[in-house]
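Asker: Have a peek at upload-v9.cif (mmCIF, C-alpha atoms and all ligand atoms).
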data_run
#
loop_
_atom_site.label_atom_id
_atom_site.label_comp_id
_atom_site.auth_asym_id
_atom_site.auth_seq_id
_atom_site.Cartn_x
_atom_site.Cartn_y
_atom_site.Cartn_z
CA MET A 10 -22.25 -13.87 16.44
CA ASP A 11 -22.17 -12.19 13.00
CA GLU A 12 -18.93 -10.56 11.92
CA ILE A 13 -19.13 -6.82 11.34
CA PRO A 14 -16.81 -5.83 8.49
CA PHE A 15 -14.97 -2.51 8.56
CA LEU A 16 -16.32 -1.33 5.22
CA LYS A 17 -18.81 -2.86 2.85
CA PRO A 18 -19.10 -0.34 0.02
CA ARG A 19 -22.14 -0.49 -2.23
CA LEU A 20 -21.54 1.03 -5.62
CA VAL A 21 -24.37 1.46 -8.11
CA SER A 22 -26.33 -1.53 -9.41
CA LYS A 23 -25.93 -2.90 -12.92
CA ASP A 24 -29.46 -1.74 -13.76
CA ALA A 25 -28.57 1.85 -12.96
CA LEU A 26 -25.67 1.59 -15.40
CA THR A 27 -27.38 0.02 -18.40
CA GLY A 28 -28.50 3.28 -20.03
CA TYR A 29 -25.03 4.78 -19.77
CA LEU A 30 -23.37 1.63 -21.12
CA GLU A 31 -25.68 1.77 -24.11
CA GLN A 32 -24.57 5.34 -24.74
CA ILE A 33 -20.94 4.22 -24.70
CA ASP A 34 -21.78 1.43 -27.15
CA ALA A 35 -23.49 3.96 -29.44
CA THR A 36 -20.68 6.53 -29.51
CA ARG A 37 -17.77 4.07 -29.21
CA ILE A 38 -15.91 6.73 -27.30
CA TYR A 39 -14.26 5.04 -24.36
CA SER A 40 -11.88 7.67 -22.99
CA ASN A 41 -10.00 10.96 -23.60
CA HIS A 42 -12.41 13.35 -21.88
CA GLY A 43 -15.38 11.78 -23.65
CA PRO A 44 -19.04 12.82 -23.47
CA LEU A 45 -19.86 11.01 -20.21
CA ASN A 46 -16.86 12.55 -18.44
CA LYS A 47 -17.96 15.93 -19.73
CA ARG A 48 -21.43 15.33 -18.29
CA VAL A 49 -20.00 14.25 -14.93
CA GLU A 50 -17.98 17.45 -14.74
CA GLU A 51 -20.93 19.66 -15.71
CA ARG A 52 -23.27 18.00 -13.21
CA ILE A 53 -20.78 18.06 -10.35
CA LEU A 54 -19.92 21.68 -11.00
CA ARG A 55 -23.57 22.68 -10.97
CA ARG A 56 -24.73 20.49 -8.10
CA PHE A 57 -21.79 20.91 -5.70
CA PHE A 58 -20.08 24.16 -6.70
CA SER A 59 -23.04 26.24 -8.01
CA ASP A 60 -21.20 26.64 -11.33
CA GLU A 61 -18.44 28.64 -9.67
CA GLY A 62 -15.00 27.78 -11.08
CA ALA A 63 -14.22 24.55 -12.93
CA VAL A 64 -13.45 20.86 -12.39
CA VAL A 65 -11.60 18.09 -14.17
CA THR A 66 -11.97 14.36 -13.52
CA VAL A 67 -8.80 12.34 -12.85
CA ASN A 68 -8.17 8.63 -12.53
CA ASN A 69 -7.55 8.88 -8.76
CA ALA A 70 -6.73 11.51 -6.16
CA THR A 71 -3.05 10.55 -6.02
CA THR A 72 -2.68 11.45 -9.70
CA GLY A 73 -4.74 14.60 -9.02
CA LEU A 74 -2.36 15.64 -6.24
CA MET A 75 0.70 14.97 -8.40
CA LEU A 76 -0.71 17.00 -11.29
CA ALA A 77 -1.80 19.87 -9.06
CA ILE A 78 1.45 20.06 -7.09
CA MET A 79 3.47 19.94 -10.30
CA GLN A 80 1.31 22.69 -11.81
CA VAL A 81 1.38 25.21 -8.94
CA LYS A 82 4.65 24.58 -7.08
CA ARG A 83 7.27 27.32 -7.05
CA ALA A 84 11.06 26.86 -6.95
CA GLY A 85 11.91 25.35 -3.58
CA LYS A 86 12.63 22.12 -1.84
CA TYR A 87 9.82 21.33 0.57
CA ALA A 88 6.14 20.41 0.50
CA LEU A 89 4.70 21.32 3.91
CA MET A 90 1.95 18.95 5.04
CA PRO A 91 0.65 17.01 8.03
CA SER A 92 2.11 13.65 8.93
CA PHE A 93 -1.42 12.64 9.95
CA THR A 94 -2.58 11.75 6.43
CA PHE A 95 -2.52 8.86 3.96
CA SER A 96 0.86 8.20 2.36
CA ALA A 97 -0.57 9.42 -0.98
CA THR A 98 -0.04 13.02 0.22
CA PRO A 99 3.76 12.85 0.74
CA LEU A 100 4.17 10.38 -2.12
CA SER A 101 2.61 12.77 -4.62
CA ALA A 102 4.98 15.54 -3.49
CA MET A 103 7.94 13.20 -3.87
CA TRP A 104 6.88 12.37 -7.44
CA CYS A 105 7.13 16.12 -8.08
CA GLY A 106 10.74 16.10 -6.83
CA LEU A 107 9.90 17.64 -3.44
CA GLU A 108 10.72 16.58 0.07
CA PRO A 109 7.78 16.27 2.50
CA TYR A 110 8.16 18.46 5.59
CA PHE A 111 5.72 17.40 8.29
CA ILE A 112 3.91 19.88 10.52
CA ASP A 113 1.79 19.03 13.56
CA ILE A 114 -2.02 19.02 13.62
CA ASP A 115 -4.39 20.77 15.97
CA PRO A 116 -5.89 18.63 18.75
CA GLU A 117 -9.54 19.33 17.89
CA ARG A 118 -9.89 18.99 14.14
CA TRP A 119 -6.72 16.98 13.43
CA CYS A 120 -5.85 19.30 10.52
CA LEU A 121 -2.58 21.25 9.99
CA ASN A 122 -1.84 23.55 12.92
CA GLU A 123 -1.81 26.98 11.28
CA ARG A 124 0.43 28.55 13.94
CA GLN A 125 3.09 25.90 13.46
CA LEU A 126 2.68 26.17 9.72
CA GLU A 127 3.35 29.92 9.95
CA GLU A 128 6.47 29.25 12.04
CA ALA A 129 7.73 26.77 9.46
CA LEU A 130 7.02 29.23 6.63
CA GLN A 131 9.04 31.88 8.48
CA LYS A 132 11.89 29.49 9.11
CA LEU A 133 12.06 27.90 5.66
CA GLY A 134 11.16 30.96 3.52
CA ASP A 135 11.88 30.39 -0.18
CA GLU A 136 12.65 26.74 0.41
CA VAL A 137 8.92 26.08 0.61
CA ALA A 138 7.64 25.03 -2.83
CA VAL A 139 4.05 24.25 -1.83
CA VAL A 140 1.76 23.72 1.16
CA VAL A 141 -0.50 20.64 1.05
CA PRO A 142 -3.01 20.70 3.91
CA TYR A 143 -5.28 17.68 4.35
CA ALA A 144 -8.93 18.27 5.28
CA ALA A 145 -8.85 15.45 7.84
CA PHE A 146 -11.66 12.94 7.22
CA GLY A 147 -13.66 15.73 5.56
CA ALA A 148 -13.39 18.35 8.32
CA GLU A 149 -13.45 21.86 6.92
CA LEU A 150 -10.20 23.79 6.62
CA ASN A 151 -10.00 27.53 7.07
CA LEU A 152 -10.20 28.39 3.36
CA GLU A 153 -9.82 32.13 4.01
CA TYR A 154 -6.47 31.49 5.64
CA TYR A 155 -5.26 29.27 2.79
CA GLU A 156 -6.56 31.74 0.19
CA SER A 157 -4.57 34.54 1.83
CA LEU A 158 -1.50 32.30 2.00
CA ARG A 159 -1.88 31.57 -1.71
CA ARG A 160 -2.26 35.26 -2.51
CA SER A 161 0.91 35.99 -0.58
CA GLY A 162 2.76 33.80 -3.09
CA VAL A 163 2.81 30.41 -1.32
CA PRO A 164 1.16 27.82 -3.60
CA VAL A 165 -1.49 25.67 -1.91
CA VAL A 166 -2.94 22.32 -2.99
CA ILE A 167 -5.64 20.97 -0.69
CA ASP A 168 -5.83 17.23 -0.17
CA ALA A 169 -9.60 16.87 0.13
CA ALA A 170 -9.56 13.15 -0.64
CA SER A 171 -12.17 12.48 2.05
CA SER A 172 -14.33 15.57 1.51
CA PHE A 173 -16.53 14.95 -1.50
CA GLY A 174 -20.20 14.84 -0.61
CA CYS A 175 -20.11 17.01 2.47
CA MET A 176 -22.52 19.94 2.81
CA ARG A 177 -25.41 19.31 0.50
CA ASP A 178 -25.52 22.86 -0.82
CA ASP A 179 -22.04 24.12 -0.09
CA GLN A 180 -19.37 21.62 -0.92
CA PHE A 181 -16.08 22.18 0.91
CA GLY A 182 -13.53 23.82 -1.39
CA ARG A 183 -15.93 26.01 -3.31
CA GLY A 184 -14.45 29.43 -4.10
CA PHE A 185 -10.82 28.40 -3.43
CA LYS A 186 -8.48 29.53 -6.19
CA GLY A 187 -5.76 26.98 -5.58
CA ALA A 188 -6.38 23.30 -6.38
CA VAL A 189 -8.68 21.08 -4.30
CA VAL A 190 -8.30 17.35 -4.92
CA PHE A 191 -11.07 14.80 -4.15
CA SER A 192 -11.00 11.00 -4.23
CA PHE A 193 -13.71 8.82 -5.73
CA HIS A 194 -12.08 5.60 -4.52
CA ALA A 195 -14.46 2.69 -3.86
CA THR A 196 -14.16 3.25 -0.11
CA LYS A 197 -15.33 6.89 -0.22
CA LEU A 198 -18.88 8.22 -0.04
CA PHE A 199 -18.77 9.02 -3.76
CA GLY A 200 -17.04 5.77 -4.66
CA ILE A 201 -16.74 4.74 -8.30
CA GLY A 202 -13.93 2.19 -7.96
CA GLU A 203 -10.96 4.37 -8.85
CA GLY A 204 -11.39 8.04 -9.68
CA GLY A 205 -11.01 11.59 -8.49
CA LEU A 206 -11.68 15.22 -9.25
CA ILE A 207 -9.76 18.48 -9.12
CA TYR A 208 -11.71 21.67 -8.41
CA SER A 209 -10.56 25.26 -8.55
CA ALA A 210 -12.33 28.61 -8.63
CA ASP A 211 -9.55 29.51 -11.09
CA GLU A 212 -10.76 28.19 -14.45
CA THR A 213 -7.37 28.75 -16.11
CA LEU A 214 -5.74 26.47 -13.56
CA ILE A 215 -8.24 23.70 -14.34
CA HIS A 216 -7.66 24.21 -18.07
CA ARG A 217 -3.92 23.68 -17.54
CA LEU A 218 -4.59 20.65 -15.32
CA ARG A 219 -6.86 19.15 -17.97
CA GLN A 220 -4.01 19.47 -20.46
CA SER A 221 -1.44 18.06 -18.06
CA SER A 222 -3.73 15.07 -17.36
CA ASN A 223 -3.60 14.37 -21.11
CA PHE A 224 0.16 14.20 -21.76
CA GLY A 225 0.49 17.97 -21.51
CA PHE A 226 -1.10 18.27 -24.97
CA ASP A 227 -2.15 21.68 -26.24
CA GLN A 228 -4.96 22.16 -28.77
CA ASN A 229 -2.63 20.87 -31.53
CA ARG A 230 -2.01 17.67 -29.60
CA GLU A 231 1.58 18.64 -28.98
CA SER A 232 3.08 18.31 -25.51
CA ARG A 233 3.57 21.84 -24.25
CA GLN A 234 3.97 21.15 -20.53
CA ILE A 235 4.87 18.20 -18.36
CA GLY A 236 1.97 15.77 -18.19
CA LEU A 237 0.90 12.20 -17.74
CA ASN A 238 -2.14 10.08 -18.43
CA GLY A 239 -4.57 10.93 -15.65
CA LYS A 240 -7.78 10.51 -17.63
CA VAL A 241 -10.90 8.66 -16.59
CA SER A 242 -12.48 5.98 -18.76
CA GLU A 243 -16.05 6.47 -19.92
CA TYR A 244 -17.06 3.33 -17.99
CA ALA A 245 -15.93 4.95 -14.74
CA ALA A 246 -17.76 8.13 -15.76
CA ALA A 247 -20.91 6.01 -16.24
CA ILE A 248 -20.59 4.84 -12.63
CA ALA A 249 -20.12 8.46 -11.54
CA LEU A 250 -23.27 9.57 -13.38
CA ALA A 251 -25.31 6.78 -11.81
CA THR A 252 -23.81 7.65 -8.42
CA LEU A 253 -24.86 11.28 -8.82
CA GLU A 254 -28.46 10.07 -9.02
CA VAL A 255 -28.23 8.56 -5.52
CA VAL A 256 -25.63 10.77 -3.86
CA ASP A 257 -28.17 12.55 -1.64
CA GLU A 258 -29.34 9.23 -0.24
CA LYS A 259 -25.73 8.26 0.44
CA ILE A 260 -25.01 11.52 2.26
CA ILE A 261 -28.15 11.17 4.37
CA ALA A 262 -27.48 7.50 5.17
CA ARG A 263 -23.95 8.23 6.37
CA GLU A 264 -25.04 11.24 8.41
CA ARG A 265 -27.63 9.02 10.07
CA ILE A 266 -25.02 6.40 10.95
CA ALA A 267 -22.73 9.07 12.42
CA ASP A 268 -25.69 10.32 14.48
CA TRP A 269 -26.22 6.77 15.78
CA TYR A 270 -22.57 6.59 16.83
CA ARG A 271 -22.76 9.97 18.58
CA ALA A 272 -26.00 9.07 20.38
CA GLU A 273 -24.66 5.68 21.52
CA LEU A 274 -21.43 7.21 22.78
CA GLN A 275 -23.43 9.85 24.61
CA ASP A 276 -25.84 7.31 26.13
CA ALA A 277 -22.96 5.21 27.35
CA GLY A 278 -21.45 8.31 28.98
CA MET A 279 -18.21 7.69 27.11
CA LEU A 280 -17.66 11.31 26.11
CA PHE A 281 -17.14 12.07 29.82
CA LYS A 282 -14.75 9.17 30.22
CA GLY A 283 -11.93 10.32 27.95
CA TRP A 284 -13.34 9.30 24.57
CA LYS A 285 -13.05 12.17 22.10
CA LEU A 286 -14.75 13.03 18.83
CA GLN A 287 -13.25 15.10 16.05
CA GLU A 288 -14.49 18.69 16.06
CA GLY A 289 -15.53 20.50 12.91
CA GLY A 290 -17.05 17.25 11.81
CA GLY A 291 -20.69 18.31 11.65
CA LYS A 292 -21.46 17.34 8.09
CA ILE A 293 -18.60 15.25 6.91
CA PRO A 294 -18.95 12.48 4.33
CA TYR A 295 -18.08 9.65 6.67
CA GLN A 296 -15.91 6.97 5.07
CA PHE A 297 -15.62 5.49 8.57
CA PHE A 298 -16.24 6.94 12.04
CA PRO A 299 -13.03 8.26 13.64
CA LEU A 300 -12.61 8.83 17.38
CA LEU A 301 -9.93 8.86 20.06
CA CYS A 302 -9.90 6.33 22.87
CA PRO A 303 -9.14 7.46 26.43
CA PRO A 304 -5.42 8.12 26.98
CA LYS A 305 -5.04 5.43 29.68
CA HIS A 306 -4.77 2.71 26.96
CA ASP A 307 -3.54 2.90 23.43
CA HIS A 308 -5.90 1.92 20.61
CA ARG A 309 -4.52 -1.62 20.39
CA PHE A 310 -6.33 -2.44 23.62
CA TYR A 311 -9.69 -1.54 22.06
CA LEU A 312 -8.85 -3.03 18.67
CA SER A 313 -8.32 -6.41 20.27
CA LYS A 314 -11.61 -6.15 22.19
CA LEU A 315 -13.40 -5.39 18.92
CA GLN A 316 -11.61 -8.18 17.14
CA ALA A 317 -12.54 -10.68 19.83
CA ALA A 318 -16.18 -9.61 19.35
CA GLY A 319 -16.01 -10.17 15.58
CA ILE A 320 -15.86 -6.47 14.73
CA GLN A 321 -13.34 -5.17 12.21
CA ALA A 322 -11.88 -1.72 12.83
CA ARG A 323 -8.83 0.23 11.67
CA THR A 324 -6.59 3.06 12.90
CA TYR A 325 -6.38 5.54 10.03
CA PHE A 326 -3.81 7.28 9.93
CA SER A 327 -1.68 5.39 12.37
CA PRO A 328 1.17 4.82 11.84
CA SER A 329 1.35 8.39 10.62
CA CYS A 330 3.60 9.20 7.69
CA HIS A 331 6.74 10.17 9.63
CA GLU A 332 6.61 6.77 11.36
CA GLN A 333 6.71 4.86 8.05
CA PRO A 334 10.06 3.73 6.63
CA LEU A 335 10.04 5.88 3.48
CA PHE A 336 9.37 9.13 5.34
CA GLN A 337 11.33 8.53 8.54
CA ARG A 338 14.12 10.83 7.42
CA SER A 339 11.84 13.62 6.26
CA PRO A 340 12.21 16.82 8.27
CA HIS A 341 9.40 17.78 10.61
CA SER A 342 8.33 20.19 13.30
CA ASP A 343 7.32 19.06 16.79
CA LEU A 344 4.67 16.35 16.20
CA SER A 345 3.41 15.75 19.72
CA VAL A 346 -0.30 16.17 18.89
CA THR A 347 0.08 13.88 15.87
CA GLU A 348 1.71 11.28 18.08
CA ASP A 349 -0.99 11.49 20.74
CA VAL A 350 -3.79 11.27 18.15
CA CYS A 351 -2.06 8.35 16.41
CA ARG A 352 -1.76 6.42 19.65
CA ARG A 353 -5.48 6.81 20.34
CA ILE A 354 -7.22 6.90 16.97
CA LEU A 355 -9.82 4.29 16.07
CA SER A 356 -11.71 4.08 12.78
CA LEU A 357 -15.07 2.39 13.26
CA PRO A 358 -17.23 0.70 10.58
CA VAL A 359 -19.46 2.79 8.33
CA TRP A 360 -21.30 1.63 5.28
CA GLU A 361 -24.67 2.64 4.01
CA ASP A 362 -26.65 -0.37 5.11
CA ILE A 363 -25.03 -0.96 8.47
CA GLU A 364 -27.82 -1.36 11.03
CA GLN A 365 -28.39 0.67 14.17
CA ALA A 366 -28.15 -2.53 16.22
CA GLN A 367 -24.67 -3.14 14.79
CA VAL A 368 -23.54 0.37 15.71
CA GLN A 369 -24.94 -0.27 19.18
CA ARG A 370 -22.97 -3.52 19.42
CA ILE A 371 -19.74 -1.76 18.39
CA VAL A 372 -20.12 1.06 20.94
CA ARG A 373 -21.17 -1.31 23.74
CA CYS A 374 -18.14 -3.45 23.08
CA LEU A 375 -15.91 -0.38 23.51
CA ALA A 376 -17.82 0.86 26.56
CA ASP A 377 -17.61 -2.45 28.35
CA GLU A 378 -14.36 -2.27 30.36
N1 LIG A 401 -5.10 11.54 0.40
C1 LIG A 401 -5.75 11.00 1.43
C2 LIG A 401 -5.81 11.73 2.71
C3 LIG A 401 -6.39 9.74 1.31
O1 LIG A 401 -7.03 9.20 2.36
C4 LIG A 401 -6.29 9.06 0.08
C5 LIG A 401 -6.90 7.75 -0.08
C6 LIG A 401 -5.62 9.69 -0.99
C7 LIG A 401 -5.03 10.93 -0.79
C8 LIG A 401 -5.49 9.05 -2.33
O2 LIG A 401 -6.76 8.82 -2.94
P1 LIG A 401 -6.83 7.77 -4.18
O3 LIG A 401 -5.59 7.93 -5.01
O4 LIG A 401 -6.97 6.41 -3.57
O5 LIG A 401 -8.07 8.21 -4.92
C9 LIG A 401 -7.94 2.98 1.34
C10 LIG A 401 -8.20 3.55 -0.03
O6 LIG A 401 -7.66 2.70 -1.05
C11 LIG A 401 -7.61 4.94 -0.21
O7 LIG A 401 -8.21 5.50 -1.37
C12 LIG A 401 -7.96 5.82 0.98
N2 LIG A 401 -7.33 7.12 0.92
C13 LIG A 401 -7.53 5.15 2.26
C14 LIG A 401 -7.90 6.00 3.46
O8 LIG A 401 -8.19 3.88 2.37
P2 LIG A 401 -6.27 1.08 2.12
O9 LIG A 401 -4.99 0.62 1.55
O10 LIG A 401 -6.30 1.32 3.58
O11 LIG A 401 -7.48 0.15 1.67
P3 LIG A 401 -7.80 -1.39 1.96
O12 LIG A 401 -7.50 -2.18 0.73
O13 LIG A 401 -7.13 -1.79 3.21
O14 LIG A 401 -9.38 -1.36 2.14
C15 LIG A 401 -9.99 -0.72 3.23
C16 LIG A 401 -11.24 -1.49 3.59
O15 LIG A 401 -12.21 -1.41 2.56
C17 LIG A 401 -11.02 -2.99 3.85
O16 LIG A 401 -11.84 -3.34 4.94
C18 LIG A 401 -11.55 -3.67 2.59
C19 LIG A 401 -12.66 -2.72 2.15
N3 LIG A 401 -12.88 -2.67 0.71
C20 LIG A 401 -11.93 -2.08 -0.09
C21 LIG A 401 -12.12 -2.02 -1.45
C22 LIG A 401 -11.06 -1.40 -2.33
C23 LIG A 401 -14.04 -3.20 0.17
O17 LIG A 401 -14.90 -3.74 0.92
N4 LIG A 401 -14.25 -3.11 -1.17
C24 LIG A 401 -13.34 -2.54 -2.01
O18 LIG A 401 -13.56 -2.44 -3.23
O19 LIG A 401 -6.64 2.47 1.38
#
Have the structure of the file written as structure tokens, please.
Answerer:
Amino acid sequence: MDEIPFLKPRLVSKDALTGYLEQIDATRIYSNHGPLNKRVEERILRRFFSDEGAVVTVNNATTGLMLAIMQVKRAGKYALMPSFTFSATPLSAMWCGLEPYFIDIDPERWCLNERQLEEALQKLGDEVAVVVPYAAFGAELNLEYYESLRRSGVPVVIDAASSFGCMRDDQFGRGFKGAVVFSFHATKLFGIGEGGLIYSADETLIHRLRQSSNFGFDQNRESRQIGLNGKVSEYAAAIALATLEVVDEKIIARERIADWYRAELQDAGMLFKGWKLQEGGGKIPYQFFPLLCPPKHDHRFYLSKLQAAGIQARTYFSPSCHEQPLFQRSPHSDLSVTEDVCRRILSLPVWEDIEQAQVQRIVRCLADE
């Protein structure tokens, strides 16, 4: 029986790139916020954010998070965030000299539990330097809540690594005046290899982030603030421009695959047998299909069934951050929902040309007990 890989990303073809590569050859500008990067930013701002606010490209979301946290953080010790995230979230806070402080997630959307976040804010007061919520797998966060938190003086950087490409006409993050950081890693819907983007409705913030992504240079090319090299090469921008031409097809293809998963799970009656889907995941840019297995087994039971059937799957984000050696000593609130989700989470294959019959095979393998 054919193996089903976990991911099989398809970036743009060489033919789609040729025109852009010729433009690079003609200008001989290869980096430093060059013309293709400028075009990527303009097109993304128009297409996804209706020209509201501003964006800057960065060489990956981890750099974007570091730059944004460094830019907005206030005096304080802790970065409040979920433990149910990729290690890039706490790592970027640590690079900014902060200690991650993990808060539990809610059981439906698997995003930061706002009530527990409020309790931690009360308890820690001025020790909180920044809050870094993660929009889990592209689920929408309550932006009104985070905007009011920001206005009350608590800086907020949203880890939206998995969110780019959701909502065809209303990209998540639009209108938020803190920083929203997206990933363009090869494994994401808008994959360009390595890359990312920071959005804010606050244009001044993006201006400062653009400078800090270029050694903190001001207009005289003198370092005026702390910075690093977070720029994107023109070759990567060429891939982004070609990807923009097909992004609608990618969004539609992934939505269709998620619909197949939902229909198969429904047909097999699994949603009444303890299997659980993420809520708030109507139009998310699926990088893979996440779901919780019934509590009677932990996910290893199902992973081995899949493996025996030649199907690759993963368990993002298990182990969660507080279970990993580097973060084991980081302070945290009660993490019982995180621990339950991490025991049960499965990440199932999604890529644009996966076939319906393959999705069927995956779900039937799980259903067959
Ligand atoms: N915040 C959150 C919440 C994130 O999820 C991430 C990244 C970040 C921040 C940071 O974003 P970046 O700095 O990366 O822009 C992968 C991705 O590398 C990572 O970007 C992503 N999250 C994470 C969820 O997944 P790994 O270490 O699990 O990837 P790896 O090498 O195990 O590959 C995953 C699967 O994809 C494998 O089956 C192989 C396949 N693959 C991978 C690549 C790179 C391919 O088929 N082709 C490829 O080119 O992290």
Asker: Show me which residues line ligand LIG 401 (chain A), defined as having an atom within 8 Å of a ligand atom where only C-alpha atoms and all ligand atoms count, and present them as a count of residues only.
Answerer: 39
Asker: Please determine, counting all atoms listed in the file, which residue among A:Asp113, A:Asp276, A:Glu123, A:Asp377 has the shortest atom-to-atom distance to Asn151 of chain A.
Answerer: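 For Asn151 of chain A, the nearest of the given residues is A:Glu123.
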Asker: Nearest residue to Trp119 of chain A out of A:Cys302, A:Leu158, A:Met279, A:Val346, using only C-alpha atoms?
Answerer: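 Using only C-alpha atoms, Trp119 of chain A sits closest to A:Val346.
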Asker: Here is a test: counting all atoms listed in the file, which residue of A:Gly85, A:Gly236, A:Pro91, A:Pro142 is nearest to Gly106 of chain A?
Answerer: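 For Gly106 of chain A, the nearest of the given residues is A:Gly85.
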Asker: What does the distance between atom CA of Trp269 of chain A and atom CA of Glu117 of chain A come to in Å, to one decimal place?
Answerer: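 Going from atom CA of Trp269 of chain A over to atom CA of Glu117 of chain A covers 21.0 Å.
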Asker: Let me know the centre plus edge lengths, in Å and rounded to one decimal, of a box with edges along x, y and z that contains all listed atoms of segment 125-144 of chain A and is padded by 3 Å on every side, as lines of an AutoDock Vina configuration file.
Answerer:
center_x = 1.9
center_y = 24.8
center_z = 5.3
size_x = 27.6
size_y = 20.2
size_z = 22.3
Asker: Anything within 9 Å of (-13.1, 6.8, -16.7): list those residues as a list in words, counting only C-alpha atoms and sticking to the file's coordinates.
Answerer: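 Output: Tyr39, Ser40, Asn41, His42, Gly43, Leu45, Asn46, Thr66, Val67, Asn68, Glu203, Gly204, Lys240, Val241, Ser242, Glu243, Tyr244, Ala245, Ala246, Ala247, Ile248 and Ala249 of chain A.
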Asker: Could you tell me which of A:Leu375, A:Leu274, A:Ile293, A:Ala262 comes closest to Ser313 of chain A if we count only C-alpha atoms?
Answerer: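 Among the listed residues, A:Leu375 lies closest to Ser313 of chain A.
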Asker: If you measure from atom CA of Gly182 of chain A to atom CA of Gln228 of chain A, what distance in Å do you get, rounded to one decimal?
Answerer: 28.7 Å
Asker: Give as a list in words each residue that has an atom at most 6 Å from (-11.7, 6.6, 18.1) in the file, counting only C-alpha atoms.
Answerer: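 Taken together, the residues in range are Pro299, Leu300, Leu301, Cys302, Ile354, Leu355 and Ser356 of chain A.
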Asker: Quick one: of A:Pro303, A:Gly174, A:Leu250, A:Gly184, who's nearest to Arg48 of chain A, counting only C-alpha atoms?
Answerer: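 Comparing A:Pro303, A:Gly174, A:Leu250, A:Gly184 against Arg48 of chain A, the winner is A:Leu250.
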Asker: For each of A:Tyr155, A:Phe185, A:Tyr110, A:Tyr295, take the minimum atom-to-atom distance to Asp343 of chain A, counting all atoms listed in the file, then give the residue where this is smallest.
Answerer: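 Nearest to Asp343 of chain A: A:Tyr110.
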Asker: By how many Å are atom CA of Val139 of chain A and atom CA of Ala102 of chain A apart?
Answerer: 8.9 Å
Asker: Excluding Ile215 of chain A and its own-chain neighbours fewer than 5 positions away, which residues fall within 7 Å of it when counting all atoms listed in the file? Please give them as an NGL selection string.
Answerer: :A and (63-65 or 209)
